file run09.txt (compact mmCIF, C-alpha atoms)
# COMPACT_ATOMS: atom_id res chain seq x y z
CA LYS A 1 117.15 -22.83 -35.10
CA ALA A 2 115.74 -20.40 -37.65
CA GLY A 3 117.55 -20.08 -40.96
CA VAL A 4 118.48 -16.99 -42.91
CA THR A 5 115.38 -14.89 -43.56
CA GLN A 6 115.10 -12.54 -46.51
CA THR A 7 112.28 -10.09 -47.03
CA PRO A 8 110.44 -9.49 -49.19
CA ARG A 9 110.46 -12.66 -51.33
CA TYR A 10 109.23 -10.87 -54.44
CA LEU A 11 109.43 -7.27 -55.50
CA ILE A 12 108.47 -5.32 -58.63
CA LYS A 13 109.96 -1.87 -59.13
CA THR A 14 110.07 0.68 -61.91
CA ARG A 15 113.24 1.87 -63.60
CA GLY A 16 114.78 4.78 -61.74
CA GLN A 17 113.33 3.84 -58.37
CA GLN A 18 115.33 2.58 -55.45
CA VAL A 19 114.84 -0.57 -53.42
CA THR A 20 115.90 -1.93 -50.04
CA LEU A 21 116.19 -5.63 -49.32
CA SER A 22 116.48 -7.09 -45.85
CA CYS A 23 118.32 -10.08 -44.46
CA SER A 24 118.20 -11.56 -40.97
CA PRO A 25 121.07 -14.00 -40.39
CA ILE A 26 121.06 -17.15 -38.36
CA SER A 27 121.24 -16.31 -34.67
CA GLY A 28 124.86 -15.95 -33.62
CA HIS A 29 126.18 -15.40 -37.14
CA ARG A 30 127.97 -12.09 -37.50
CA SER A 31 128.98 -12.25 -41.16
CA VAL A 32 126.46 -11.48 -43.88
CA SER A 33 127.18 -11.67 -47.60
CA TRP A 34 125.06 -10.63 -50.55
CA TYR A 35 124.98 -12.17 -54.03
CA GLN A 36 123.21 -11.35 -57.26
CA GLN A 37 122.06 -14.27 -59.39
CA THR A 38 121.05 -13.82 -63.03
CA PRO A 39 120.76 -16.34 -65.87
CA GLY A 40 123.48 -14.59 -67.84
CA GLN A 41 126.04 -13.80 -65.14
CA GLY A 42 125.37 -16.53 -62.61
CA LEU A 43 126.11 -15.92 -58.95
CA GLN A 44 128.10 -12.77 -58.38
CA PHE A 45 129.42 -11.56 -55.04
CA LEU A 46 128.22 -8.11 -54.04
CA PHE A 47 129.67 -7.49 -50.59
CA GLU A 48 130.19 -8.93 -47.14
CA TYR A 49 129.65 -7.33 -43.75
CA PHE A 50 131.07 -8.36 -40.41
CA SER A 51 130.38 -6.55 -37.16
CA GLU A 52 128.77 -3.62 -39.00
CA THR A 53 131.80 -3.13 -41.28
CA GLN A 54 132.08 -3.92 -44.95
CA ARG A 55 134.87 -6.45 -45.12
CA ASN A 56 134.80 -7.50 -48.78
CA LYS A 57 133.35 -5.97 -51.91
CA GLY A 58 132.66 -7.27 -55.39
CA ASN A 59 132.73 -5.42 -58.68
CA PHE A 60 129.41 -3.66 -58.70
CA PRO A 61 128.67 0.03 -59.29
CA GLY A 62 128.14 2.41 -56.41
CA ARG A 63 124.37 2.19 -56.91
CA PHE A 64 124.60 -1.02 -54.90
CA SER A 65 125.21 -0.44 -51.22
CA GLY A 66 124.62 -2.20 -47.98
CA ARG A 67 124.84 -1.91 -44.26
CA GLN A 68 124.74 -4.08 -41.18
CA PHE A 69 123.17 -3.31 -37.86
CA SER A 70 124.38 -4.13 -34.37
CA ASN A 71 122.09 -7.18 -34.26
CA SER A 72 123.81 -8.46 -37.46
CA ARG A 73 120.75 -7.88 -39.62
CA SER A 74 121.70 -6.46 -42.98
CA GLU A 75 120.07 -4.39 -45.66
CA MET A 76 121.02 -3.96 -49.28
CA ASN A 77 120.02 -0.90 -51.26
CA VAL A 78 119.98 -0.38 -55.00
CA SER A 79 119.40 3.14 -56.25
CA THR A 80 118.35 4.31 -59.72
CA LEU A 81 117.20 0.86 -60.73
CA GLU A 82 117.96 -0.41 -64.22
CA LEU A 83 116.28 -3.22 -66.12
CA GLY A 84 119.49 -5.23 -65.78
CA ASP A 85 119.15 -5.20 -62.00
CA SER A 86 116.35 -7.74 -62.29
CA ALA A 87 117.71 -10.77 -60.47
CA LEU A 88 117.47 -13.08 -57.52
CA TYR A 89 119.33 -11.47 -54.63
CA LEU A 90 120.67 -13.95 -52.14
CA CYS A 91 121.89 -13.30 -48.64
CA ALA A 92 124.13 -15.69 -46.73
CA SER A 93 125.35 -15.73 -43.17
CA SER A 94 128.35 -17.37 -41.56
CA ARG A 95 129.51 -17.82 -38.00
CA GLU A 96 132.86 -16.46 -36.92
CA GLY A 97 135.47 -19.05 -37.76
CA GLY A 98 133.05 -21.06 -39.86
CA ALA A 99 133.90 -22.13 -43.36
CA GLU A 100 130.53 -22.29 -45.08
CA ALA A 101 127.78 -19.82 -45.81
CA PHE A 102 124.11 -20.52 -45.13
CA PHE A 103 121.76 -19.00 -47.67
CA GLY A 104 118.31 -17.49 -47.47
CA GLN A 105 115.65 -18.18 -50.08
CA GLY A 106 116.36 -14.92 -51.84
CA THR A 107 114.44 -11.87 -52.99
CA ARG A 108 113.29 -11.92 -56.60
CA LEU A 109 113.53 -8.35 -57.89
CA THR A 110 111.89 -7.46 -61.17
CA VAL A 111 112.53 -4.03 -62.67
CA VAL A 112 110.02 -2.90 -65.29
CA ALA B 1 142.77 -14.75 -57.70
CA GLN B 2 140.28 -17.48 -57.06
CA SER B 3 138.21 -18.96 -59.84
CA VAL B 4 135.98 -21.97 -60.37
CA THR B 5 135.22 -23.79 -63.60
CA GLN B 6 132.37 -26.23 -63.86
CA LEU B 7 132.57 -28.42 -66.93
CA GLY B 8 129.20 -28.83 -68.57
CA SER B 9 126.33 -26.45 -68.03
CA HIS B 10 123.89 -29.35 -68.41
CA VAL B 11 124.26 -33.00 -67.46
CA SER B 12 121.62 -35.63 -68.11
CA VAL B 13 121.60 -39.08 -66.48
CA SER B 14 119.11 -41.90 -66.15
CA GLU B 15 117.61 -42.71 -62.79
CA GLY B 16 119.92 -45.16 -61.02
CA ALA B 17 122.98 -44.12 -63.02
CA LEU B 18 126.16 -42.55 -61.70
CA VAL B 19 126.17 -38.79 -61.30
CA LEU B 20 129.46 -37.00 -61.99
CA LEU B 21 129.63 -33.20 -61.93
CA ARG B 22 133.04 -31.72 -62.62
CA CYS B 23 134.68 -28.78 -60.91
CA ASN B 24 138.16 -27.32 -61.23
CA TYR B 25 139.41 -24.43 -59.16
CA SER B 26 142.31 -22.07 -58.96
CA SER B 27 143.52 -20.57 -55.75
CA SER B 28 146.76 -19.05 -54.56
CA VAL B 29 146.38 -20.59 -51.10
CA PRO B 30 144.90 -23.84 -49.83
CA PRO B 31 141.22 -23.33 -50.49
CA TYR B 32 137.96 -24.15 -48.86
CA LEU B 33 135.74 -25.86 -51.42
CA PHE B 34 132.01 -26.36 -51.44
CA TRP B 35 129.19 -27.86 -53.43
CA TYR B 36 125.77 -26.28 -53.17
CA VAL B 37 122.45 -27.34 -54.69
CA GLN B 38 119.67 -25.00 -55.76
CA TYR B 39 116.08 -25.96 -56.47
CA PRO B 40 113.87 -23.60 -58.54
CA ASN B 41 113.16 -20.29 -56.82
CA GLN B 42 115.06 -21.34 -53.74
CA GLY B 43 118.30 -20.37 -52.08
CA LEU B 44 121.42 -22.51 -52.06
CA GLN B 45 121.76 -25.53 -49.81
CA LEU B 46 125.17 -26.81 -48.78
CA LEU B 47 125.80 -30.37 -49.96
CA LEU B 48 129.34 -30.76 -48.66
CA LYS B 49 132.53 -28.88 -47.91
CA TYR B 50 136.28 -29.48 -47.98
CA THR B 51 138.35 -27.67 -45.38
CA SER B 52 141.75 -29.44 -45.58
CA ALA B 53 140.77 -32.50 -43.56
CA ALA B 54 140.01 -35.75 -45.40
CA THR B 55 140.29 -35.49 -49.18
CA LEU B 56 137.15 -37.59 -49.71
CA VAL B 57 134.21 -35.65 -48.38
CA LYS B 58 130.79 -37.13 -47.79
CA GLY B 59 127.76 -34.89 -47.92
CA ILE B 60 124.03 -35.07 -47.69
CA ASN B 61 121.69 -37.04 -49.95
CA GLY B 62 124.39 -39.60 -50.82
CA PHE B 63 126.72 -37.15 -52.55
CA GLU B 64 130.46 -37.12 -52.10
CA ALA B 65 133.42 -35.25 -53.58
CA GLU B 66 137.14 -35.87 -53.76
CA PHE B 67 139.70 -33.12 -53.43
CA LYS B 68 142.66 -33.71 -55.78
CA LYS B 69 145.29 -31.06 -55.30
CA SER B 70 147.45 -32.27 -58.20
CA GLU B 71 144.51 -31.87 -60.57
CA THR B 72 142.99 -28.84 -58.80
CA SER B 73 139.69 -30.66 -58.97
CA PHE B 74 136.76 -31.23 -56.67
CA HIS B 75 134.32 -33.37 -58.64
CA LEU B 76 130.93 -34.28 -57.17
CA THR B 77 129.60 -37.83 -57.47
CA LYS B 78 126.63 -39.92 -56.46
CA PRO B 79 126.50 -43.65 -57.22
CA SER B 80 122.81 -43.79 -58.12
CA ALA B 81 120.75 -40.83 -59.33
CA HIS B 82 117.26 -40.22 -58.06
CA MET B 83 114.58 -38.10 -59.68
CA SER B 84 114.73 -35.75 -56.71
CA ASP B 85 118.37 -34.95 -57.53
CA ALA B 86 117.29 -32.86 -60.52
CA ALA B 87 118.45 -29.35 -59.66
CA GLU B 88 121.29 -26.92 -60.30
CA TYR B 89 124.60 -27.58 -58.63
CA PHE B 90 127.24 -25.00 -57.84
CA CYS B 91 130.88 -25.52 -56.97
CA ALA B 92 132.43 -22.74 -54.91
CA VAL B 93 135.81 -21.74 -53.52
CA SER B 94 136.71 -19.52 -50.61
CA GLU B 95 140.12 -18.45 -49.44
CA GLY B 96 138.97 -17.44 -46.02
CA ARG B 97 136.90 -18.74 -43.24
CA GLY B 98 133.60 -17.29 -42.25
CA GLY B 99 131.85 -15.08 -44.69
CA PHE B 100 134.84 -14.22 -46.81
CA LYS B 101 134.45 -13.68 -50.52
CA THR B 102 133.17 -16.98 -51.90
CA ILE B 103 133.43 -17.42 -55.67
CA PHE B 104 130.91 -19.65 -57.43
CA GLY B 105 131.13 -21.59 -60.65
CA ALA B 106 128.58 -21.04 -63.39
CA GLY B 107 126.53 -24.00 -62.24
CA THR B 108 125.56 -27.34 -63.75
CA ARG B 109 121.94 -28.24 -64.24
CA LEU B 110 121.34 -31.92 -63.61
CA PHE B 111 118.50 -33.65 -65.43
CA VAL B 112 117.41 -37.12 -64.31
CA LYS B 113 115.50 -39.27 -66.79
CA ALA B 114 113.07 -41.95 -65.69

call {"tool": "encode", "arguments": {"input": "run09.txt", "output": "structure tokens"}}
result
Amino acid sequence: KAGVTQTPRYLIKTRGQQVTLSCSPISGHRSVSWYQQTPGQGLQFLFEYFSETQRNKGNFPGRFSGRQFSNSRSEMNVSTLELGDSALYLCASSREGGAEAFFGQGTRLTVV
Amino acid sequence: AQSVTQLGSHVSVSEGALVLLRCNYSSSVPPYLFWYVQYPNQGLQLLLKYTSAATLVKGINGFEAEFKKSETSFHLTKPSAHMSDAAEYFCAVSEGRGGFKTIFGAGTRLFVKA
């Protein structure tokens, strides 16, 4: 069974640009969550989608947005990139009724 | 509101020694608790989880954790450290099933000395 797949693995963007990250959950998992990991702030919850609806949201500015498609794949978008957005972005999927999240390997975003 | 506190950002042990990583949580409802491990430039791998069944939970790679409600703790232990255990460990709490909002501790980096 394939795990959570995140693409791309590495990304370099310039300040002011926008970026889209992709996450394919484990087959059958309908919940997808996104996290930002930085050395200073640790792992911070961005948002969670279930059946194409945002079900939970963390405390991030509106520049961070996401969506989920009917096949449960999810994308995360960050507009007007700032240097502080440089981070490892992790996606996790969960099955309905499951307790734990399964993580992808992450996308390392560097903003220059 | 949920929160997780991991005591000690860095822990160093000798190979073969006991590993003890501490985690305290706060939750307004009976929580689901997890320990994850992260190797450099990798995602998080689930070590073990507590979901209100047995209070002593056994996980992968010889790790186990004990849920103590009276102490609001969920400490992670391993009797004998191995060099391959060197990584960062995260304690996490969730108040819902599925992909609900899971809150992570700040992490504890484990160093294993030969």

call {"tool": "closest_residue", "arguments": {"input": "run09.txt", "among": "A:Val111, A:Leu43, A:Ala92, A:Val32", "to": "Gly105 in chain B", "atoms": "only C-alpha atoms"}}
result
A:Leu43

call {"tool": "interface_residues", "arguments": {"input": "run09.txt", "of": "chain B", "to": "chain A", "cutoff": "12 Å", "atoms": "all atoms listed in the file", "output": "ChimeraX atom specification"}}
result
/B:3-4,9,31-52,88-108

call {"tool": "residues_around", "arguments": {"input": "run09.txt", "residues": "Arg63 in chain A", "least_positions_apart": "4", "cutoff": "8 Å", "atoms": "only C-alpha atoms", "output": "mmCIF file with C-alpha atoms, keeping the file's coordinate frame"}}
result
data_model
loop_
_atom_site.group_PDB
_atom_site.id
_atom_site.type_symbol
_atom_site.label_atom_id
_atom_site.label_comp_id
_atom_site.auth_asym_id
_atom_site.auth_seq_id
_atom_site.Cartn_x
_atom_site.Cartn_y
_atom_site.Cartn_z
ATOM 1 C CA ASN A 77 120.020 -0.900 -51.260
ATOM 2 C CA VAL A 78 119.980 -0.380 -55.000
ATOM 3 C CA SER A 79 119.400 3.140 -56.250
ATOM 4 C CA THR A 80 118.350 4.310 -59.720
#

call {"tool": "residues_around", "arguments": {"input": "run09.txt", "residues": "Glu66 in chain B", "least_positions_apart": "4", "cutoff": "9 Å", "atoms": "only C-alpha atoms", "output": "list in words"}}
result
Tyr50, Ala54, Thr55, Leu56, Val57, Lys58, Ser73, Phe74, His75, Leu76 and Thr77 of chain B

call {"tool": "residues_around", "arguments": {"input": "run09.txt", "residues": "Leu83 in chain A", "least_positions_apart": "6", "cutoff": "8 Å", "atoms": "all atoms listed in the file", "output": "PyMOL selection string"}}
result
chain A and resi 15+110-112

call {"tool": "residues_around", "arguments": {"input": "run09.txt", "residues": "Ala86 in chain B", "least_positions_apart": "5", "cutoff": "8 Å", "atoms": "only C-alpha atoms", "output": "MDAnalysis selection string"}}
result
chainID B and resid 109:112

call {"tool": "closest_residue", "arguments": {"input": "run09.txt", "among": "B:Asn61, B:Ser80, B:Ser27, B:Thr72", "to": "Ser14 in chain B", "atoms": "only C-alpha atoms"}}
result
B:Ser80

call {"tool": "closest_residue", "arguments": {"input": "run09.txt", "among": "A:Thr20, A:Tyr10, A:Asn59, A:Thr38", "to": "Ser86 in chain A", "atoms": "only C-alpha atoms"}}
result
A:Thr38

call {"tool": "atom_distance", "arguments": {"input": "run09.txt", "atom1": "CA of His10 in chain B", "atom2": "CA of Pro79 in chain B"}}
result
18.3 Å

call {"tool": "axis_aligned_box", "arguments": {"input": "run09.txt", "around": "range 32-47 of chain B", "padding_each_side": "6 Å", "output": "lines of an AutoDock Vina configuration file"}}
result
center_x = 125.6
center_y = -25.3
center_z = -53.7
size_x = 36.8
size_y = 22.1
size_z = 21.8

call {"tool": "closest_residue", "arguments": {"input": "run09.txt", "among": "A:Ser65, A:Ser24, A:Thr53, A:Ser74", "to": "Gly3 in chain A", "atoms": "all atoms listed in the file"}}
result
A:Ser24

call {"tool": "build_atoms", "arguments": {"input": "run09.txt", "residues": "range 20-37 of chain B", "atoms": "N, CA, C and O atoms", "output": "PDB file, in the coordinates of the input"}}
result
ATOM      1  N   LEU B  20     128.118 -37.577 -62.090  1.00  0.00           N
ATOM      2  CA  LEU B  20     129.460 -37.000 -61.990  1.00  0.00           C
ATOM      3  C   LEU B  20     129.381 -35.555 -62.475  1.00  0.00           C
ATOM      4  O   LEU B  20     129.100 -35.307 -63.644  1.00  0.00           O
ATOM      5  N   LEU B  21     129.608 -34.620 -61.584  1.00  0.00           N
ATOM      6  CA  LEU B  21     129.630 -33.200 -61.930  1.00  0.00           C
ATOM      7  C   LEU B  21     131.050 -32.699 -61.660  1.00  0.00           C
ATOM      8  O   LEU B  21     131.571 -32.859 -60.571  1.00  0.00           O
ATOM      9  N   ARG B  22     131.621 -32.065 -62.687  1.00  0.00           N
ATOM     10  CA  ARG B  22     133.040 -31.720 -62.620  1.00  0.00           C
ATOM     11  C   ARG B  22     133.279 -30.280 -62.205  1.00  0.00           C
ATOM     12  O   ARG B  22     132.547 -29.364 -62.611  1.00  0.00           O
ATOM     13  N   CYS B  23     134.321 -30.104 -61.404  1.00  0.00           N
ATOM     14  CA  CYS B  23     134.680 -28.780 -60.910  1.00  0.00           C
ATOM     15  C   CYS B  23     136.191 -28.679 -60.803  1.00  0.00           C
ATOM     16  O   CYS B  23     136.834 -29.544 -60.214  1.00  0.00           O
ATOM     17  N   ASN B  24     136.747 -27.631 -61.396  1.00  0.00           N
ATOM     18  CA  ASN B  24     138.160 -27.320 -61.230  1.00  0.00           C
ATOM     19  C   ASN B  24     138.284 -25.914 -60.656  1.00  0.00           C
ATOM     20  O   ASN B  24     137.489 -25.039 -60.974  1.00  0.00           O
ATOM     21  N   TYR B  25     139.266 -25.712 -59.834  1.00  0.00           N
ATOM     22  CA  TYR B  25     139.410 -24.430 -59.160  1.00  0.00           C
ATOM     23  C   TYR B  25     140.820 -23.905 -59.334  1.00  0.00           C
ATOM     24  O   TYR B  25     141.750 -24.649 -59.667  1.00  0.00           O
ATOM     25  N   SER B  26     140.979 -22.643 -59.080  1.00  0.00           N
ATOM     26  CA  SER B  26     142.310 -22.070 -58.960  1.00  0.00           C
ATOM     27  C   SER B  26     142.323 -21.204 -57.720  1.00  0.00           C
ATOM     28  O   SER B  26     141.359 -20.482 -57.437  1.00  0.00           O
ATOM     29  N   SER B  27     143.395 -21.323 -56.986  1.00  0.00           N
ATOM     30  CA  SER B  27     143.520 -20.570 -55.750  1.00  0.00           C
ATOM     31  C   SER B  27     144.990 -20.437 -55.401  1.00  0.00           C
ATOM     32  O   SER B  27     145.749 -21.381 -55.586  1.00  0.00           O
ATOM     33  N   SER B  28     145.358 -19.288 -54.895  1.00  0.00           N
ATOM     34  CA  SER B  28     146.760 -19.050 -54.560  1.00  0.00           C
ATOM     35  C   SER B  28     147.133 -19.622 -53.195  1.00  0.00           C
ATOM     36  O   SER B  28     148.294 -19.730 -52.858  1.00  0.00           O
ATOM     37  N   VAL B  29     146.139 -20.010 -52.429  1.00  0.00           N
ATOM     38  CA  VAL B  29     146.380 -20.590 -51.100  1.00  0.00           C
ATOM     39  C   VAL B  29     145.493 -21.814 -50.970  1.00  0.00           C
ATOM     40  O   VAL B  29     144.563 -21.993 -51.759  1.00  0.00           O
ATOM     41  N   PRO B  30     145.799 -22.687 -50.006  1.00  0.00           N
ATOM     42  CA  PRO B  30     144.900 -23.840 -49.830  1.00  0.00           C
ATOM     43  C   PRO B  30     143.467 -23.374 -49.650  1.00  0.00           C
ATOM     44  O   PRO B  30     143.169 -22.576 -48.769  1.00  0.00           O
ATOM     45  N   PRO B  31     142.584 -23.884 -50.477  1.00  0.00           N
ATOM     46  CA  PRO B  31     141.220 -23.330 -50.490  1.00  0.00           C
ATOM     47  C   PRO B  31     140.258 -24.090 -49.590  1.00  0.00           C
ATOM     48  O   PRO B  31     140.523 -25.198 -49.147  1.00  0.00           O
ATOM     49  N   TYR B  32     139.134 -23.452 -49.351  1.00  0.00           N
ATOM     50  CA  TYR B  32     137.960 -24.150 -48.860  1.00  0.00           C
ATOM     51  C   TYR B  32     137.060 -24.343 -50.080  1.00  0.00           C
ATOM     52  O   TYR B  32     136.849 -23.422 -50.852  1.00  0.00           O
ATOM     53  N   LEU B  33     136.541 -25.538 -50.246  1.00  0.00           N
ATOM     54  CA  LEU B  33     135.740 -25.860 -51.420  1.00  0.00           C
ATOM     55  C   LEU B  33     134.375 -26.370 -50.988  1.00  0.00           C
ATOM     56  O   LEU B  33     134.253 -27.065 -49.977  1.00  0.00           O
ATOM     57  N   PHE B  34     133.385 -26.023 -51.786  1.00  0.00           N
ATOM     58  CA  PHE B  34     132.010 -26.360 -51.440  1.00  0.00           C
ATOM     59  C   PHE B  34     131.238 -26.796 -52.677  1.00  0.00           C
ATOM     60  O   PHE B  34     131.557 -26.397 -53.790  1.00  0.00           O
ATOM     61  N   TRP B  35     130.231 -27.598 -52.446  1.00  0.00           N
ATOM     62  CA  TRP B  35     129.190 -27.860 -53.430  1.00  0.00           C
ATOM     63  C   TRP B  35     127.857 -27.475 -52.803  1.00  0.00           C
ATOM     64  O   TRP B  35     127.544 -27.877 -51.678  1.00  0.00           O
ATOM     65  N   TYR B  36     127.110 -26.680 -53.573  1.00  0.00           N
ATOM     66  CA  TYR B  36     125.770 -26.280 -53.170  1.00  0.00           C
ATOM     67  C   TYR B  36     124.772 -26.773 -54.207  1.00  0.00           C
ATOM     68  O   TYR B  36     125.099 -26.920 -55.381  1.00  0.00           O
ATOM     69  N   VAL B  37     123.528 -26.976 -53.775  1.00  0.00           N
ATOM     70  CA  VAL B  37     122.450 -27.340 -54.690  1.00  0.00           C
ATOM     71  C   VAL B  37     121.362 -26.274 -54.585  1.00  0.00           C
ATOM     72  O   VAL B  37     121.110 -25.722 -53.506  1.00  0.00           O
TER      73      VAL B  37
END
